[in-house]
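Step one of this worksheet: look at the structure below.
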Amino acid sequence: MLNQTHAKVCLVHIVYLGHNNDLDPSLTTDSHLQLLSTVFTEPNEAREAILYSYSCGFSGFAALLNSTQATTLSDGVVSVFRSRMLEVHTTRSWDFMGLRLHMHTEQSSQRHLKFGDDVIVGVLDTGVWPESKSFRDDPHYGPVPSSWKGTCVVGDEFDPAAACNRKLIGARYYLAGFESELGPLNTSDGSEYRSPRDRVGHGTHTASTAVGSVAPNASYFGGLGGGAARGGAPRARLAVYKVCWYRDLTGRCSDADILAAFDDALCDGVHVVSASLGSPPPLMPLLSTSTEIGAFHAMQRGVVAVFSAGNDGPDASMVQNVSPWGLTVAASSIDRRFPTVITLGNNASIVVGFFLLLRALPWARMIYHMTCLAYVVAQGESFLVKAMKNGLVDSSSVFTDGTCTFEQLINRTAAWGKIVLCFATMGGVSSDGAALAVYAGNGAGVIFADTISRKSSQDSFWPTVHVDLYQGTQILNYIRDSRKPTVRISPSKTVVGETPAPAVAYFSSRGPSSVSPKILKPDVTAPGVNILAAWPPKSSPTVIPLDKRLTEWNMDSGTSMSCPHVSGIAAVIKSVHPTWSPAAVKSALMTTAYMYDGTSDVMQAGGTVKAADAFDVGAGHVDPLRALDPGLVYDAGARDHVVFLCSLGYTEAAIRNMVLPQPALDTSCPRGGGGGGGPEADLNYPAIVLPDLGGTVTVKRTVTNVGANRDAVYRAAVASPQGARAEVWPRELAFSARPGGEQASYYLTVTPAKLSRGRFDFGEVVWSDGFHRVRTPLVVRVTNLPDDGVKVVQAANATGDGSQAAA
């Protein structure tokens with residue numbers, strides 16, 4: 001047996017070796033054991049220490065190692081790193097994006113109505129509830145694609161014969177890494193299932209959003225958000241890889257398990273991988289992270305890997321999953337809201353001006369108290385299905401300093417049976433924290449006031465109505481001026497089309513990337529706020545034990561919800577363009593994305609009061625129909641990624657181990673750094689980011705014509721970022737039907753036009769043939785101001801050179 005002392009001090013480490021060189025998996029596993037045995041005294045100890053041998057999609061293994069063994073093994077391999085624990089980060093959203101069920105335009109009938117036929121989407125998440133209507137078998141499905149090599153495995157309350165069908169064609173689960181880190185899985189009282197069955201609900205929700213079958217009459221608790229629920233690619237097939245497990249009221253996922261799922265998925269034959277999970281900064285090096293290693297090998301095999309950006313906004317540089325070979329998705333809103341009328345006092349109403357008069361004049365206040373007139377507050381938002389009529393109390397009567405937290409609870413009697421007004425600005429409390437505190441104080445519900453930039457309408461386990469600070473202040477004034485304040489809250493309603501959308505969700509993680517700042521992240525944004533999708537009927541919608549509600553459809557928010565939207569769109573693109581590379585699919589999504597809401601104004605950046613920029617939304621909001629016909633795409637081959645890996649500091653020997661061998665592929669690193677932007681900036685990416693522009697820089701891009709017109713001419717329009725001058729050469733790109741005529745290159749030269757200490761500014765390069773509009777974001781940060789920059793500016797001003805202004 002493994003030495004007991006060793007077992008106590010060892011931790012799960014991943015040894016990454018690169019591609020498996022097309023060896024038989026059994027031979028690859030034997031080589032892993034041979035390598036591992038070099039750091040053990042007994043051969044059998046190596047076999048006991050290994051958790052996974054990654055031997056099909058790529059080469060590597062996960063094992064229990066101490067620090068000395070890990071250091072010894074790091075010689076001669078690509079990377080050795082600790083396995084970390086990651087966390088998991090609809091009826092209207094598809095119509096909002098123009099991907100309707102019943103369309104009769106020529107474009108839609110020929111293209112998007114394929115809805116992902118025979119494309120296989122692998123979802124790495126918390127599992128699946130196979131009985132959901134989103135995963136039912138469909139008599140219109142043909143046989144399972146012959147390319148599928150995966151399987152459905154048996155487990156707790158999961159019988160493959162009953163669970164899997166022509167829709168849900170695969171289901172696996174991975175536990176070795178989780179249990180090695182956190183101990184045995186708790187399966188008591190249905191706390192979890194040692195099987196692909198979903199306990200958390202997150203995986204069921206994301207899978208149905210991406211590829212769920214059409215399910216009519218779906219709604220949240222009997223009416224809210226009602227309609228036909230479906231995925232973006234409802235005819236695509238689903239393969240589930242359960243890598244996240246219920247722990248601390250969320251899904252926790254081990255790097256070791258995630259890599260094992262990637263290894264299987266790539267050999268099972270999936271076309272798209274959707275993974276709504278990650279870990280916040282500080283970020284590990286790109287190829288010392290399970291998601292980035294998995295995505296790298298997925299890219300080499302033609303598989304699109306889609307990730308969530310994270311939920312740590314609105315601060316800058318919190319974006320996760322930042323490799324250029326993955327597709328990273330931010331979250332934004334749709335044009336649906338759930339207004340909830342709050343009536344103070346009795347059913348009568350008065351205007352705001354008279355309410356203010358009541359506060360100013362004692363005789364008016366007396367009349368008010370005598371007649372019990374009411375002030376109807378502007379609508380809040382909630383998910384209430386029943387009306388409420390209760391007493392109303394200010395949080396300062398219930399909690400120390402008015403901070404609505406369990407620790408500050410001082411007067412349960414004051415809250416008993418009442419609605420409590422709580423402010424996010426008092427103690428920095430969240431709406432869920434306030435709901436828990438009010439519940440503990442025997443309150444009936446919460447009116448939660450937050451800033452206009454952060455106000456949301458996410459459901460809670462205890463009745464909660466969200467209002468902004470202005471509305472909250474008016475309610476507070478009413479409470480202070482009333483002898484016996486009361487409130488009546490009407491059931492919530494569903495309203496569509498009356499709210500400017502999309503807008504960036506305040507929680508959505510923003511760029512720039514903290515690992516590779518010359519690669520724009522996130523790439524795009526997609527719906528991620530209050531998305532209705534399938535849910536396990538044995539799990540509450542909040543997964544909080546106090547929440548006793550059960551539902552088959554849940555309203556959830558996060559970049560976890562936006563990620564599968566893009567996964568579904570990618571599946572549709574792959575069904576229409578099966579030969580497109582992951583880079584081409586990403587390019588199509590990015591260059592056709594838009595930056596405006598339904599009022600033709602620039603999207604709002606939630607959590608702020610500014611317009612959205614490329615660090616909030618990447619290239620913009622996805623447009624599924626335009627992405628099917630982008631005109632031009634920025635493709636990237638193996639050589640592109642060799643150069644990029646060189647820029648990250650990997651040796652040529654390591655790169656040869658990572659990049660699949662190809663005839664005539666040059667795996668050497670360039671000498672001298674390529675163009676003026678450096679190897680990172682010269683990667684053929686659908687965005688150009690120059691985060692350290694001290695002088696004139698020229699970068700190169702190559703585009704491929706994928707439009708129907710093979711003899712097309714595209715002309716450039718450039719919007720220079722403020723404080724920089726951007727020029728394109730040539731100004732026209734001509735394509736032809738002859739061999740090699742489908743590609744053309746251009747050069748973008750950017751020159752500082754100001755002195756600056758380093759503020760980011762935004763522009764764009766747009767190529768158009770009169771029909772297609774191929775937009776490439778341009779992000780520049782001028783950093784040419786020396787340490788004595790103030791003196792330089794003063795001197796420039798003294799000579800009348802007004803162009804030299806410090807930013």
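Labels for the structure tokens follow display order: chains A, B, ..., residues from 1 in each chain, ligands from 1.
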| Ser188 (chain A): which residues within 12 Å, counting only C-alpha atoms, same-chain residues fewer than 5 positions away excluded, as a ChimeraX atom specification? | /A:156,193-194
Please write the residues from the selection above to a file, keeping C-alpha atoms, as a PDB file, in the first residue's frame.
```pdb
ATOM      1  CA  ASP A 156     -26.682   6.093  -8.365  1.00  0.00           C
ATOM      2  CA  TYR A 193     -25.478  11.135  -6.626  1.00  0.00           C
ATOM      3  CA  ARG A 194     -22.404   9.058  -7.405  1.00  0.00           C
TER       4      ARG A 194
END
```
Can you tell me, as a compact mmCIF listing (two decimals) with N, CA, C and O atoms, in the first residue's frame, what residues are no more than 9 Å from region 531-536 of chain A when counting only C-alpha atoms, ignoring any on the same chain fewer than 2 positions away?
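out_21.txt, written as the output of this step:
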```
# COMPACT_ATOMS: atom_id res chain seq x y z
N THR A 90 -33.83 28.54 -22.57
CA THR A 90 -34.47 29.71 -22.02
C THR A 90 -35.65 30.10 -22.92
O THR A 90 -35.62 29.91 -24.11
N THR A 91 -36.54 30.74 -22.35
CA THR A 91 -37.77 31.00 -23.14
C THR A 91 -37.68 32.23 -24.00
O THR A 91 -38.33 32.32 -25.02
N ARG A 92 -36.95 33.25 -23.62
CA ARG A 92 -36.94 34.52 -24.31
C ARG A 92 -35.61 34.82 -24.99
O ARG A 92 -35.57 35.51 -26.01
N SER A 93 -34.50 34.33 -24.45
CA SER A 93 -33.19 34.78 -24.92
C SER A 93 -32.96 34.49 -26.39
O SER A 93 -32.35 35.30 -27.10
N VAL A 128 -26.66 15.94 -15.16
CA VAL A 128 -27.89 16.16 -15.91
C VAL A 128 -29.06 15.48 -15.20
O VAL A 128 -28.88 14.45 -14.52
N TRP A 129 -30.24 16.06 -15.32
CA TRP A 129 -31.48 15.41 -14.88
C TRP A 129 -32.12 14.84 -16.14
O TRP A 129 -32.78 15.55 -16.89
N PRO A 130 -31.91 13.57 -16.44
CA PRO A 130 -32.28 13.03 -17.77
C PRO A 130 -33.77 13.03 -18.05
O PRO A 130 -34.17 13.00 -19.21
N GLU A 131 -34.60 13.07 -16.99
CA GLU A 131 -36.05 13.03 -17.20
C GLU A 131 -36.63 14.36 -17.66
O GLU A 131 -37.81 14.45 -18.02
N SER A 132 -35.83 15.42 -17.64
CA SER A 132 -36.32 16.73 -18.05
C SER A 132 -36.84 16.69 -19.48
O SER A 132 -36.31 15.97 -20.35
N LYS A 133 -37.87 17.49 -19.75
CA LYS A 133 -38.42 17.57 -21.11
C LYS A 133 -37.39 18.08 -22.11
O LYS A 133 -37.53 17.84 -23.31
N SER A 134 -36.37 18.76 -21.62
CA SER A 134 -35.35 19.29 -22.52
C SER A 134 -34.49 18.20 -23.15
O SER A 134 -33.82 18.44 -24.16
N ASP A 198 -27.70 14.94 -11.82
CA ASP A 198 -27.43 16.29 -11.33
C ASP A 198 -28.11 16.54 -9.99
O ASP A 198 -29.33 16.41 -9.87
N ARG A 199 -27.34 16.92 -8.98
CA ARG A 199 -27.89 17.33 -7.68
C ARG A 199 -27.97 18.85 -7.57
O ARG A 199 -28.91 19.39 -6.98
N VAL A 200 -27.01 19.55 -8.14
CA VAL A 200 -26.93 21.00 -7.99
C VAL A 200 -27.94 21.72 -8.87
O VAL A 200 -28.55 22.72 -8.47
N GLY A 201 -28.13 21.25 -10.10
CA GLY A 201 -29.04 21.89 -11.04
C GLY A 201 -28.34 22.69 -12.11
O GLY A 201 -28.87 22.91 -13.21
N HIS A 202 -27.13 23.13 -11.82
CA HIS A 202 -26.37 23.99 -12.73
C HIS A 202 -26.13 23.31 -14.07
O HIS A 202 -26.30 23.93 -15.14
N GLY A 203 -25.75 22.04 -14.07
CA GLY A 203 -25.47 21.33 -15.31
C GLY A 203 -26.71 21.11 -16.15
O GLY A 203 -26.65 21.21 -17.39
N THR A 204 -27.83 20.79 -15.52
CA THR A 204 -29.09 20.63 -16.24
C THR A 204 -29.48 21.94 -16.92
O THR A 204 -29.92 21.96 -18.08
N HIS A 205 -29.31 23.04 -16.19
CA HIS A 205 -29.66 24.36 -16.71
C HIS A 205 -28.81 24.73 -17.93
O HIS A 205 -29.33 25.15 -18.96
N THR A 206 -27.49 24.55 -17.80
CA THR A 206 -26.60 24.94 -18.91
C THR A 206 -26.79 24.03 -20.13
O THR A 206 -26.78 24.51 -21.26
N ALA A 207 -26.98 22.73 -19.89
CA ALA A 207 -27.16 21.81 -21.01
C ALA A 207 -28.44 22.11 -21.78
O ALA A 207 -28.45 22.09 -23.02
N SER A 208 -29.52 22.40 -21.07
CA SER A 208 -30.78 22.70 -21.76
C SER A 208 -30.71 24.03 -22.48
O SER A 208 -31.34 24.21 -23.52
N THR A 209 -29.93 24.99 -21.95
CA THR A 209 -29.76 26.28 -22.63
C THR A 209 -29.02 26.09 -23.95
O THR A 209 -29.35 26.74 -24.96
N GLY A 212 -31.08 22.10 -25.48
CA GLY A 212 -32.34 21.51 -25.04
C GLY A 212 -33.37 21.41 -26.15
O GLY A 212 -33.50 22.30 -27.00
N ALA A 218 -43.27 26.22 -20.75
CA ALA A 218 -42.35 26.32 -19.62
C ALA A 218 -42.51 27.68 -18.96
O ALA A 218 -42.78 28.68 -19.63
N SER A 219 -42.36 27.73 -17.64
CA SER A 219 -42.42 29.00 -16.91
C SER A 219 -41.84 28.80 -15.52
O SER A 219 -41.62 27.66 -15.08
N TYR A 220 -41.64 29.90 -14.84
CA TYR A 220 -41.10 29.88 -13.49
C TYR A 220 -42.25 29.98 -12.50
O TYR A 220 -42.93 31.00 -12.42
N GLY A 225 -42.15 34.43 -17.07
CA GLY A 225 -41.27 34.09 -18.18
C GLY A 225 -41.80 32.97 -19.04
O GLY A 225 -41.01 32.24 -19.64
N GLY A 226 -43.11 32.83 -19.14
CA GLY A 226 -43.69 31.69 -19.84
C GLY A 226 -43.40 31.67 -21.32
O GLY A 226 -43.23 32.71 -21.97
N ALA A 229 -39.49 26.71 -23.95
CA ALA A 229 -38.06 26.66 -23.60
C ALA A 229 -37.33 25.78 -24.61
O ALA A 229 -37.85 24.76 -25.05
N ARG A 230 -36.13 26.22 -24.97
CA ARG A 230 -35.35 25.43 -25.93
C ARG A 230 -33.90 25.88 -25.88
O ARG A 230 -33.58 26.97 -25.39
N GLY A 231 -33.03 25.05 -26.41
CA GLY A 231 -31.65 25.44 -26.56
C GLY A 231 -31.42 26.11 -27.89
O GLY A 231 -32.29 26.13 -28.77
N ILE A 334 -31.37 40.59 -21.29
CA ILE A 334 -32.31 40.54 -22.41
C ILE A 334 -33.44 41.53 -22.11
O ILE A 334 -33.50 42.11 -21.03
N PRO A 527 -26.70 36.49 -23.60
CA PRO A 527 -27.65 36.56 -22.49
C PRO A 527 -27.23 35.73 -21.29
O PRO A 527 -26.92 34.54 -21.43
N GLY A 528 -27.24 36.37 -20.11
CA GLY A 528 -26.86 35.67 -18.89
C GLY A 528 -27.60 36.16 -17.66
O GLY A 528 -27.18 35.87 -16.54
N VAL A 529 -28.69 36.90 -17.84
CA VAL A 529 -29.44 37.45 -16.71
C VAL A 529 -30.87 36.90 -16.74
O VAL A 529 -31.59 37.07 -17.72
N LYS A 538 -36.01 17.91 -7.82
CA LYS A 538 -35.73 17.60 -6.41
C LYS A 538 -34.77 18.60 -5.79
O LYS A 538 -34.37 18.44 -4.62
N SER A 539 -34.38 19.63 -6.54
CA SER A 539 -33.50 20.67 -6.01
C SER A 539 -34.25 21.99 -5.99
O SER A 539 -34.98 22.31 -6.94
N SER A 540 -34.06 22.75 -4.92
CA SER A 540 -34.70 24.06 -4.86
C SER A 540 -34.03 25.00 -5.85
O SER A 540 -32.88 24.78 -6.23
N PRO A 541 -34.71 26.05 -6.29
CA PRO A 541 -34.12 26.94 -7.29
C PRO A 541 -32.88 27.67 -6.81
O PRO A 541 -32.06 28.10 -7.63
N LEU A 550 -39.84 23.73 -5.07
CA LEU A 550 -39.35 22.81 -6.09
C LEU A 550 -39.90 23.25 -7.44
O LEU A 550 -41.03 23.73 -7.54
N THR A 551 -39.12 23.08 -8.49
CA THR A 551 -39.54 23.52 -9.81
C THR A 551 -38.81 22.72 -10.88
O THR A 551 -37.71 22.22 -10.66
N GLU A 552 -39.43 22.59 -12.04
CA GLU A 552 -38.79 21.93 -13.18
C GLU A 552 -38.08 22.93 -14.08
O GLU A 552 -37.32 22.54 -14.97
N TRP A 553 -38.34 24.24 -13.87
CA TRP A 553 -37.72 25.29 -14.68
C TRP A 553 -37.23 26.37 -13.72
O TRP A 553 -37.99 26.84 -12.89
N ASN A 554 -35.99 26.77 -13.89
CA ASN A 554 -35.43 27.74 -12.96
C ASN A 554 -34.92 28.97 -13.70
O ASN A 554 -34.44 28.88 -14.83
N MET A 555 -35.02 30.12 -13.02
CA MET A 555 -34.50 31.38 -13.53
C MET A 555 -33.15 31.61 -12.87
O MET A 555 -33.07 31.78 -11.65
N ASP A 556 -32.08 31.63 -13.65
CA ASP A 556 -30.75 31.77 -13.07
C ASP A 556 -29.94 32.80 -13.85
O ASP A 556 -30.23 33.06 -15.03
N SER A 557 -28.94 33.36 -13.19
CA SER A 557 -28.10 34.39 -13.79
C SER A 557 -26.63 34.08 -13.59
O SER A 557 -26.25 33.46 -12.59
N GLY A 558 -25.79 34.53 -14.51
CA GLY A 558 -24.35 34.35 -14.40
C GLY A 558 -23.73 34.17 -15.78
O GLY A 558 -24.43 33.92 -16.77
N MET A 561 -24.63 31.10 -17.54
CA MET A 561 -25.79 31.04 -18.41
C MET A 561 -25.48 31.58 -19.81
O MET A 561 -26.03 31.11 -20.81
N SER A 562 -24.58 32.56 -19.89
CA SER A 562 -24.23 33.10 -21.21
C SER A 562 -23.35 32.14 -22.00
O SER A 562 -23.45 32.05 -23.23
```
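Distances to His271 (chain A) were evaluated for A:Arg301, A:Lys149, A:Lys610, A:Lys586 using only C-alpha atoms, and the minimum falls at A:Arg301.
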| task | Any chance you could list, as a ChimeraX atom specification, the residues in region 519-631 of chain A that come up helix (DSSP H, G or I) when DSSP is run on the backbone? | result | /A:559-576,582-591,614-617,624-627
| Leaving out Gly150 (chain A) and any residue of its chain fewer than 6 positions from it, which residues lie within 12 Å of it when counting only C-alpha atoms, given as a VMD selection string? | chain A and resid 120 122 144 164 168 to 172 238 to 241 261 263 to 270
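Distances here use only C-alpha atoms; by that measure, the residue among A:Ser288, A:Thr592, A:Ser396, A:Ser67 closest to Val515 (chain A) is A:Ser288.
Here CA of Met603 (chain A) is placed at a distance of 15.7 Å from CA of Arg336 (chain A).
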